[in-house]
>>> print(open('data17.cif').read())   # mmCIF, C-alpha atoms; chains and numbers go by the auth columns
data_work
#
loop_
_atom_site.group_PDB
_atom_site.id
_atom_site.type_symbol
_atom_site.label_atom_id
_atom_site.label_comp_id
_atom_site.label_asym_id
_atom_site.label_seq_id
_atom_site.Cartn_x
_atom_site.Cartn_y
_atom_site.Cartn_z
_atom_site.B_iso_or_equiv
_atom_site.auth_seq_id
_atom_site.auth_asym_id
ATOM 1 C CA MET A 1 48.829 22.166 91.787 0.00 1 A
ATOM 2 C CA PRO A 2 45.342 22.547 90.236 0.00 2 A
ATOM 3 C CA LEU A 3 44.561 25.609 88.169 0.00 3 A
ATOM 4 C CA ALA A 4 42.377 28.239 89.787 0.00 4 A
ATOM 5 C CA THR A 5 38.918 28.330 88.294 0.00 5 A
ATOM 6 C CA LEU A 6 38.283 31.509 86.417 0.00 6 A
ATOM 7 C CA ASP A 7 34.976 32.984 85.315 0.00 7 A
ATOM 8 C CA PRO A 8 34.884 32.012 81.639 0.00 8 A
ATOM 9 C CA ILE A 9 32.184 34.535 80.718 0.00 9 A
ATOM 10 C CA LEU A 10 33.988 37.449 82.365 0.00 10 A
ATOM 11 C CA GLU A 11 37.352 36.447 80.882 0.00 11 A
ATOM 12 C CA PHE A 12 35.837 35.803 77.438 0.00 12 A
ATOM 13 C CA ARG A 13 34.308 39.278 77.332 0.00 13 A
ATOM 14 C CA GLU A 14 37.467 40.912 78.679 0.00 14 A
ATOM 15 C CA ASP A 15 39.526 39.260 75.938 0.00 15 A
ATOM 16 C CA HIS A 16 37.116 40.691 73.370 0.00 16 A
ATOM 17 C CA ARG A 17 37.546 44.160 74.827 0.00 17 A
ATOM 18 C CA LYS A 18 41.337 43.853 74.631 0.00 18 A
ATOM 19 C CA VAL A 19 41.189 42.601 71.043 0.00 19 A
ATOM 20 C CA ARG A 20 38.718 45.346 70.075 0.00 20 A
ATOM 21 C CA ASP A 21 40.995 48.004 71.525 0.00 21 A
ATOM 22 C CA GLY A 22 44.062 46.435 69.929 0.00 22 A
ATOM 23 C CA ILE A 23 42.461 46.343 66.492 0.00 23 A
ATOM 24 C CA LEU A 24 41.409 49.973 66.851 0.00 24 A
ATOM 25 C CA GLU A 25 45.013 50.827 67.769 0.00 25 A
ATOM 26 C CA ILE A 26 46.303 48.941 64.747 0.00 26 A
ATOM 27 C CA ILE A 27 43.928 50.898 62.505 0.00 27 A
ATOM 28 C CA LYS A 28 45.178 54.164 64.010 0.00 28 A
ATOM 29 C CA PHE A 29 48.810 53.164 63.484 0.00 29 A
ATOM 30 C CA LEU A 30 48.203 51.922 59.942 0.00 30 A
ATOM 31 C CA GLU A 31 46.503 55.183 59.019 0.00 31 A
ATOM 32 C CA LYS A 32 49.685 56.964 60.195 0.00 32 A
ATOM 33 C CA LYS A 33 51.822 54.246 58.522 0.00 33 A
ATOM 34 C CA ASP A 34 53.485 53.571 61.881 0.00 34 A
ATOM 35 C CA ILE A 35 54.422 49.995 61.000 0.00 35 A
ATOM 36 C CA VAL A 36 56.555 49.365 64.083 0.00 36 A
ATOM 37 C CA SER A 37 53.721 50.224 66.492 0.00 37 A
ATOM 38 C CA ALA A 38 51.136 48.291 64.456 0.00 38 A
ATOM 39 C CA ARG A 39 53.449 45.250 64.400 0.00 39 A
ATOM 40 C CA LYS A 40 53.881 45.406 68.181 0.00 40 A
ATOM 41 C CA VAL A 41 50.121 45.565 68.820 0.00 41 A
ATOM 42 C CA LEU A 42 49.473 42.735 66.348 0.00 42 A
ATOM 43 C CA GLY A 43 52.071 40.646 68.190 0.00 43 A
ATOM 44 C CA ASN A 44 50.279 41.277 71.480 0.00 44 A
ATOM 45 C CA ILE A 45 46.946 40.295 69.938 0.00 45 A
ATOM 46 C CA ASN A 46 48.498 37.133 68.490 0.00 46 A
ATOM 47 C CA VAL A 47 49.618 36.090 71.993 0.00 47 A
ATOM 48 C CA LEU A 48 46.268 36.954 73.592 0.00 48 A
ATOM 49 C CA VAL A 49 44.067 35.359 70.957 0.00 49 A
ATOM 50 C CA GLY A 50 45.852 32.000 70.696 0.00 50 A
ATOM 51 C CA PRO A 51 44.531 30.670 74.022 0.00 51 A
ATOM 52 C CA HIS A 52 41.192 32.368 73.377 0.00 52 A
ATOM 53 C CA PHE A 53 40.622 30.678 70.005 0.00 53 A
ATOM 54 C CA ARG A 54 41.844 27.382 71.405 0.00 54 A
ATOM 55 C CA TYR A 55 39.379 27.643 74.283 0.00 55 A
ATOM 56 C CA GLU A 56 36.568 28.509 71.894 0.00 56 A
ATOM 57 C CA GLU A 57 37.171 25.660 69.481 0.00 57 A
ATOM 58 C CA GLU A 58 38.144 22.964 71.963 0.00 58 A
ATOM 59 C CA ALA A 59 35.731 23.770 74.803 0.00 59 A
ATOM 60 C CA LEU A 60 33.204 26.565 74.325 0.00 60 A
ATOM 61 C CA TYR A 61 31.883 25.784 70.849 0.00 61 A
ATOM 62 C CA PRO A 62 31.279 22.095 71.541 0.00 62 A
ATOM 63 C CA THR A 63 29.449 23.058 74.744 0.00 63 A
ATOM 64 C CA LEU A 64 27.316 25.674 72.975 0.00 64 A
ATOM 65 C CA ARG A 65 26.367 23.253 70.201 0.00 65 A
ATOM 66 C CA VAL A 66 23.328 22.354 72.342 0.00 66 A
ATOM 67 C CA PHE A 67 22.033 25.899 71.683 0.00 67 A
ATOM 68 C CA LEU A 68 23.537 26.640 68.279 0.00 68 A
ATOM 69 C CA GLY A 69 23.542 23.290 66.495 0.00 69 A
ATOM 70 C CA GLU A 70 25.325 23.389 63.156 0.00 70 A
ATOM 71 C CA TYR A 71 25.987 27.138 63.465 0.00 71 A
ATOM 72 C CA VAL A 72 29.060 26.152 65.477 0.00 72 A
ATOM 73 C CA ASP A 73 30.620 24.964 62.208 0.00 73 A
ATOM 74 C CA GLN A 74 30.162 28.465 60.789 0.00 74 A
ATOM 75 C CA LEU A 75 31.942 29.933 63.812 0.00 75 A
ATOM 76 C CA ILE A 76 34.900 27.651 63.147 0.00 76 A
ATOM 77 C CA SER A 77 34.868 28.736 59.488 0.00 77 A
ATOM 78 C CA GLU A 78 34.955 32.354 60.669 0.00 78 A
ATOM 79 C CA HIS A 79 38.081 31.476 62.621 0.00 79 A
ATOM 80 C CA ASP A 80 39.628 30.219 59.387 0.00 80 A
ATOM 81 C CA GLY A 81 39.134 33.683 57.930 0.00 81 A
ATOM 82 C CA VAL A 82 40.459 35.448 61.010 0.00 82 A
ATOM 83 C CA ILE A 83 43.569 33.258 61.026 0.00 83 A
ATOM 84 C CA ALA A 84 44.186 33.891 57.324 0.00 84 A
ATOM 85 C CA THR A 85 43.758 37.640 57.852 0.00 85 A
ATOM 86 C CA ALA A 86 46.076 37.635 60.872 0.00 86 A
ATOM 87 C CA ARG A 87 48.696 35.706 58.913 0.00 87 A
ATOM 88 C CA ALA A 88 48.445 38.144 55.976 0.00 88 A
ATOM 89 C CA CYS A 89 48.669 41.149 58.314 0.00 89 A
ATOM 90 C CA ALA A 90 51.703 39.707 60.077 0.00 90 A
ATOM 91 C CA GLU A 91 53.437 39.200 56.730 0.00 91 A
ATOM 92 C CA LEU A 92 52.514 42.683 55.563 0.00 92 A
ATOM 93 C CA LEU A 93 53.762 44.269 58.776 0.00 93 A
ATOM 94 C CA GLN A 94 57.164 42.639 58.362 0.00 94 A
ATOM 95 C CA LYS A 95 57.846 45.234 55.680 0.00 95 A
ATOM 96 C CA ASP A 96 59.718 48.410 56.520 0.00 96 A
ATOM 97 C CA ALA A 97 57.056 50.579 54.882 0.00 97 A
ATOM 98 C CA LEU A 98 53.613 50.210 53.326 0.00 98 A
ATOM 99 C CA SER A 99 52.233 51.771 50.197 0.00 99 A
ATOM 100 C CA ASP A 100 49.004 53.749 50.495 0.00 100 A
ATOM 101 C CA GLU A 101 47.135 50.831 48.924 0.00 101 A
ATOM 102 C CA GLU A 102 48.675 48.269 51.307 0.00 102 A
ATOM 103 C CA ALA A 103 47.834 50.409 54.328 0.00 103 A
ATOM 104 C CA LYS A 104 44.265 50.880 53.077 0.00 104 A
ATOM 105 C CA LYS A 105 43.816 47.112 52.572 0.00 105 A
ATOM 106 C CA ALA A 106 45.243 46.379 56.021 0.00 106 A
ATOM 107 C CA VAL A 107 42.852 48.892 57.614 0.00 107 A
ATOM 108 C CA GLY A 108 39.942 47.228 55.797 0.00 108 A
ATOM 109 C CA ALA A 109 41.038 43.808 57.025 0.00 109 A
ATOM 110 C CA ALA A 110 41.335 45.084 60.595 0.00 110 A
ATOM 111 C CA ARG A 111 37.828 46.538 60.428 0.00 111 A
ATOM 112 C CA ALA A 112 36.510 43.198 59.192 0.00 112 A
ATOM 113 C CA LEU A 113 38.070 41.536 62.247 0.00 113 A
ATOM 114 C CA LEU A 114 36.077 43.890 64.471 0.00 114 A
ATOM 115 C CA VAL A 115 32.889 42.341 63.098 0.00 115 A
ATOM 116 C CA HIS A 116 34.015 38.893 64.266 0.00 116 A
ATOM 117 C CA VAL A 117 34.910 40.250 67.707 0.00 117 A
ATOM 118 C CA SER A 118 31.491 41.863 68.018 0.00 118 A
ATOM 119 C CA ASN A 119 29.576 38.801 66.810 0.00 119 A
ATOM 120 C CA CYS A 120 31.593 36.425 68.957 0.00 120 A
ATOM 121 C CA ASP A 121 31.002 38.444 72.104 0.00 121 A
ATOM 122 C CA GLY A 122 27.313 37.619 71.763 0.00 122 A
ATOM 123 C CA LEU A 123 28.123 34.020 72.702 0.00 123 A
ATOM 124 C CA ALA A 124 28.562 35.189 76.289 0.00 124 A
ATOM 125 C CA ILE A 125 24.804 35.627 76.635 0.00 125 A
ATOM 126 C CA LEU A 126 24.273 31.987 75.686 0.00 126 A
ATOM 127 C CA SER A 127 26.993 30.881 78.075 0.00 127 A
ATOM 128 C CA GLU A 128 24.962 32.374 80.913 0.00 128 A
ATOM 129 C CA ARG A 129 22.470 29.530 80.398 0.00 129 A
ATOM 130 C CA LEU A 130 25.042 26.825 81.137 0.00 130 A
ATOM 131 C CA SER A 131 25.075 25.020 84.463 0.00 131 A
ATOM 132 C CA SER A 132 27.558 25.988 87.155 0.00 132 A
ATOM 133 C CA ASP A 133 29.399 22.697 86.575 0.00 133 A
ATOM 134 C CA GLU A 134 29.666 23.401 82.850 0.00 134 A
ATOM 135 C CA LEU A 135 30.929 26.909 83.562 0.00 135 A
ATOM 136 C CA LYS A 136 33.473 25.588 86.055 0.00 136 A
ATOM 137 C CA GLY A 137 34.699 23.088 83.457 0.00 137 A
ATOM 138 C CA LEU A 138 34.937 25.825 80.829 0.00 138 A
ATOM 139 C CA GLY A 139 36.826 28.035 83.278 0.00 139 A
ATOM 140 C CA ASN A 140 39.344 25.267 83.901 0.00 140 A
ATOM 141 C CA LYS A 141 39.805 24.698 80.170 0.00 141 A
ATOM 142 C CA PHE A 142 40.219 28.417 79.531 0.00 142 A
ATOM 143 C CA ALA A 143 42.817 28.625 82.320 0.00 143 A
ATOM 144 C CA ALA A 144 44.666 25.619 80.894 0.00 144 A
ATOM 145 C CA ALA A 145 44.765 27.172 77.404 0.00 145 A
ATOM 146 C CA ARG A 146 46.113 30.390 78.875 0.00 146 A
ATOM 147 C CA LYS A 147 48.695 28.562 80.946 0.00 147 A
ATOM 148 C CA GLU A 148 49.969 26.812 77.826 0.00 148 A
ATOM 149 C CA GLY A 149 50.106 30.232 76.149 0.00 149 A
ATOM 150 C CA VAL A 150 50.369 29.188 72.496 0.00 150 A
ATOM 151 C CA SER A 151 49.953 32.174 70.153 0.00 151 A
ATOM 152 C CA LEU A 152 47.208 32.182 67.533 0.00 152 A
ATOM 153 C CA LEU A 153 49.428 31.591 64.531 0.00 153 A
ATOM 154 C CA ASP A 154 51.450 28.855 66.275 0.00 154 A
ATOM 155 C CA TRP A 155 48.270 27.142 67.479 0.00 155 A
ATOM 156 C CA ALA A 156 46.731 27.331 64.011 0.00 156 A
ATOM 157 C CA ILE A 157 49.778 25.679 62.430 0.00 157 A
ATOM 158 C CA LYS A 158 50.888 23.203 65.095 0.00 158 A
ATOM 159 C CA ILE A 159 47.881 22.190 67.212 0.00 159 A
ATOM 160 C CA ARG A 160 44.548 23.118 65.674 0.00 160 A
ATOM 161 C CA LYS A 161 42.479 20.178 64.537 0.00 161 A
ATOM 162 C CA LYS A 162 40.862 20.922 61.197 0.00 162 A
#
>>> encode(input="data17.cif", output="structure tokens")
Amino acid sequence: MPLATLDPILEFREDHRKVRDGILEIIKFLEKKDIVSARKVLGNINVLVGPHFRYEEEALYPTLRVFLGEYVDQLISEHDGVIATARACAELLQKDALSDEEAKKAVGAARALLVHVSNCDGLAILSERLSSDELKGLGNKFAAARKEGVSLLDWAIKIRKK
């Protein structure tokens, strides 16, 4: 059965909203040192962002290279930083408690991730210039990445081509 075509621009932006809200929740929980709640939200983001990053790197970025040229390589480098930060946060949140300094560093890292979310969302405006066939193809690739459902950290370790 073929996958239903989804609107890649709409879905892309909605993912960013969910990640934005999740990061803001994590910050709130870290400020209260509620590690259990922060860990749960980070786990949800990890699941959501895996297919999203995969879609970006395997489909969207190559398609947008026509507009962005070599800047696409910088976007992939930004993903390296996001993955490293997510991995560090996941390790930190495995602890039973955080020191004030650890919580402060984690909040700073979460805020830095918001910058990537904000910058990345701007790619949607470029995507609007793609043809309907290109958008349909991107929608199918986004749907396929979601169907496979590989989390960010698993994708980064097991599948990502670097």
>>> closest_residue(input="data17.cif", among="A:Leu123, A:Ala38, A:Leu48, A:Ala112", to="Ala90 of chain A", atoms="only C-alpha atoms")
A:Ala38
>>> residues_near_point(input="data17.cif", point="(35.0, 37.4, 82.9)", cutoff="12 Å", atoms="all atoms listed in the file", output="number ranges by chain")
A: 5-17, 121, 124, 127-128, 135, 138-139, 142-143
>>> write_last_selection(input="data17.cif", atoms="C-alpha atoms", output="compact mmCIF listing (two decimals), in the frame of the given file")
# COMPACT_ATOMS: atom_id res chain seq x y z
CA THR A 5 38.92 28.33 88.29
CA LEU A 6 38.28 31.51 86.42
CA ASP A 7 34.98 32.98 85.32
CA PRO A 8 34.88 32.01 81.64
CA ILE A 9 32.18 34.53 80.72
CA LEU A 10 33.99 37.45 82.36
CA GLU A 11 37.35 36.45 80.88
CA PHE A 12 35.84 35.80 77.44
CA ARG A 13 34.31 39.28 77.33
CA GLU A 14 37.47 40.91 78.68
CA ASP A 15 39.53 39.26 75.94
CA HIS A 16 37.12 40.69 73.37
CA ARG A 17 37.55 44.16 74.83
CA ASP A 121 31.00 38.44 72.10
CA ALA A 124 28.56 35.19 76.29
CA SER A 127 26.99 30.88 78.08
CA GLU A 128 24.96 32.37 80.91
CA LEU A 135 30.93 26.91 83.56
CA LEU A 138 34.94 25.82 80.83
CA GLY A 139 36.83 28.04 83.28
CA PHE A 142 40.22 28.42 79.53
CA ALA A 143 42.82 28.62 82.32
>>> residues_around(input="data17.cif", residues="Ala110 of chain A", least_positions_apart="5", cutoff="10 Å", atoms="only C-alpha atoms", output="JSON list (two decimals) with C-alpha atoms, keeping the file's coordinate frame")
[["chain", "number", "residue", "atom", "x", "y", "z"],
["A", 20, "ARG", "CA", 38.72, 45.35, 70.08],
["A", 22, "GLY", "CA", 44.06, 46.44, 69.93],
["A", 23, "ILE", "CA", 42.46, 46.34, 66.49],
["A", 24, "LEU", "CA", 41.41, 49.97, 66.85],
["A", 25, "GLU", "CA", 45.01, 50.83, 67.77],
["A", 26, "ILE", "CA", 46.30, 48.94, 64.75],
["A", 27, "ILE", "CA", 43.93, 50.90, 62.50],
["A", 30, "LEU", "CA", 48.20, 51.92, 59.94],
["A", 82, "VAL", "CA", 40.46, 35.45, 61.01],
["A", 85, "THR", "CA", 43.76, 37.64, 57.85],
["A", 86, "ALA", "CA", 46.08, 37.64, 60.87],
["A", 89, "CYS", "CA", 48.67, 41.15, 58.31],
["A", 104, "LYS", "CA", 44.26, 50.88, 53.08],
["A", 105, "LYS", "CA", 43.82, 47.11, 52.57],
["A", 115, "VAL", "CA", 32.89, 42.34, 63.10]]
>>> resolve_selection(input="data17.cif", expression="the PyMOL selection byres ((chain A and resi 36) around 12)", output="NGL selection string")
:A and (26 or 29-30 or 32-35 or 37-43 or 90 or 92-98)
>>> closest_residue(input="data17.cif", among="A:Asn46, A:Thr63, A:Ser99, A:Ser131", to="Asp154 of chain A", atoms="only C-alpha atoms")
A:Asn46
>>> atom_distance(input="data17.cif", atom1="atom CA of Lys141 of chain A", atom2="atom CA of Leu64 of chain A")
14.4 Å
>>> closest_residue(input="data17.cif", among="A:Asn119, A:Leu113, A:Leu60, A:Val107", to="Ile45 of chain A", atoms="all atoms listed in the file")
A:Leu113
>>> atom_distance(input="data17.cif", atom1="atom CA of Ala84 of chain A", atom2="atom CA of Asn140 of chain A")
28.4 Å
>>> atom_distance(input="data17.cif", atom1="atom CA of Ile76 of chain A", atom2="atom CA of Tyr61 of chain A")
8.5 Å
>>> build_atoms(input="data17.cif", residues="segment 83-101 of chain A", atoms="N, CA, C and O atoms", output="short mmCIF file (atom, residue, chain, number, x, y, z; two decimals), keeping the file's coordinate frame")
data_model
loop_
_atom_site.label_atom_id
_atom_site.label_comp_id
_atom_site.auth_asym_id
_atom_site.auth_seq_id
_atom_site.Cartn_x
_atom_site.Cartn_y
_atom_site.Cartn_z
N ILE A 83 42.18 33.75 61.03
CA ILE A 83 43.57 33.26 61.03
C ILE A 83 44.27 33.66 59.73
O ILE A 83 45.41 34.12 59.75
N ALA A 84 43.59 33.51 58.61
CA ALA A 84 44.19 33.89 57.32
C ALA A 84 44.48 35.39 57.29
O ALA A 84 45.54 35.82 56.83
N THR A 85 43.56 36.19 57.82
CA THR A 85 43.76 37.64 57.85
C THR A 85 44.92 38.00 58.78
O THR A 85 45.75 38.85 58.44
N ALA A 86 44.98 37.36 59.93
CA ALA A 86 46.08 37.64 60.87
C ALA A 86 47.42 37.27 60.26
O ALA A 86 48.40 38.01 60.40
N ARG A 87 47.46 36.14 59.57
CA ARG A 87 48.70 35.71 58.91
C ARG A 87 49.11 36.72 57.84
O ARG A 87 50.28 37.11 57.76
N ALA A 88 48.15 37.17 57.03
CA ALA A 88 48.44 38.14 55.98
C ALA A 88 48.91 39.48 56.57
O ALA A 88 49.86 40.09 56.06
N CYS A 89 48.26 39.90 57.65
CA CYS A 89 48.67 41.15 58.31
C CYS A 89 50.07 41.04 58.89
O CYS A 89 50.87 41.97 58.78
N ALA A 90 50.37 39.91 59.51
CA ALA A 90 51.70 39.71 60.08
C ALA A 90 52.76 39.77 58.98
O ALA A 90 53.83 40.39 59.17
N GLU A 91 52.49 39.15 57.85
CA GLU A 91 53.44 39.20 56.73
C GLU A 91 53.59 40.62 56.21
O GLU A 91 54.70 41.08 55.96
N LEU A 92 52.49 41.31 56.06
CA LEU A 92 52.51 42.68 55.56
C LEU A 92 53.30 43.59 56.51
O LEU A 92 54.09 44.43 56.07
N LEU A 93 53.11 43.40 57.79
CA LEU A 93 53.76 44.27 58.78
C LEU A 93 55.24 43.92 59.00
O LEU A 93 55.91 44.60 59.77
N GLN A 94 55.72 42.91 58.32
CA GLN A 94 57.16 42.64 58.36
C GLN A 94 57.94 43.61 57.46
O GLN A 94 59.15 43.73 57.57
N LYS A 95 57.21 44.26 56.57
CA LYS A 95 57.85 45.23 55.68
C LYS A 95 58.30 46.45 56.48
O LYS A 95 57.79 46.74 57.56
N ASP A 96 59.24 47.18 55.89
CA ASP A 96 59.72 48.41 56.52
C ASP A 96 58.76 49.58 56.31
O ASP A 96 58.73 50.51 57.10
N ALA A 97 58.01 49.51 55.20
CA ALA A 97 57.06 50.58 54.88
C ALA A 97 55.92 49.98 54.07
O ALA A 97 56.09 48.95 53.42
N LEU A 98 54.77 50.65 54.10
CA LEU A 98 53.61 50.21 53.33
C LEU A 98 53.23 51.28 52.32
O LEU A 98 53.31 52.48 52.61
N SER A 99 52.79 50.83 51.17
CA SER A 99 52.23 51.77 50.20
C SER A 99 50.87 52.24 50.71
O SER A 99 50.30 51.63 51.63
N ASP A 100 50.34 53.28 50.11
CA ASP A 100 49.00 53.75 50.50
C ASP A 100 47.98 52.64 50.32
O ASP A 100 47.10 52.45 51.16
N GLU A 101 48.08 51.91 49.21
CA GLU A 101 47.14 50.83 48.92
C GLU A 101 47.25 49.70 49.94
O GLU A 101 46.24 49.17 50.42
#
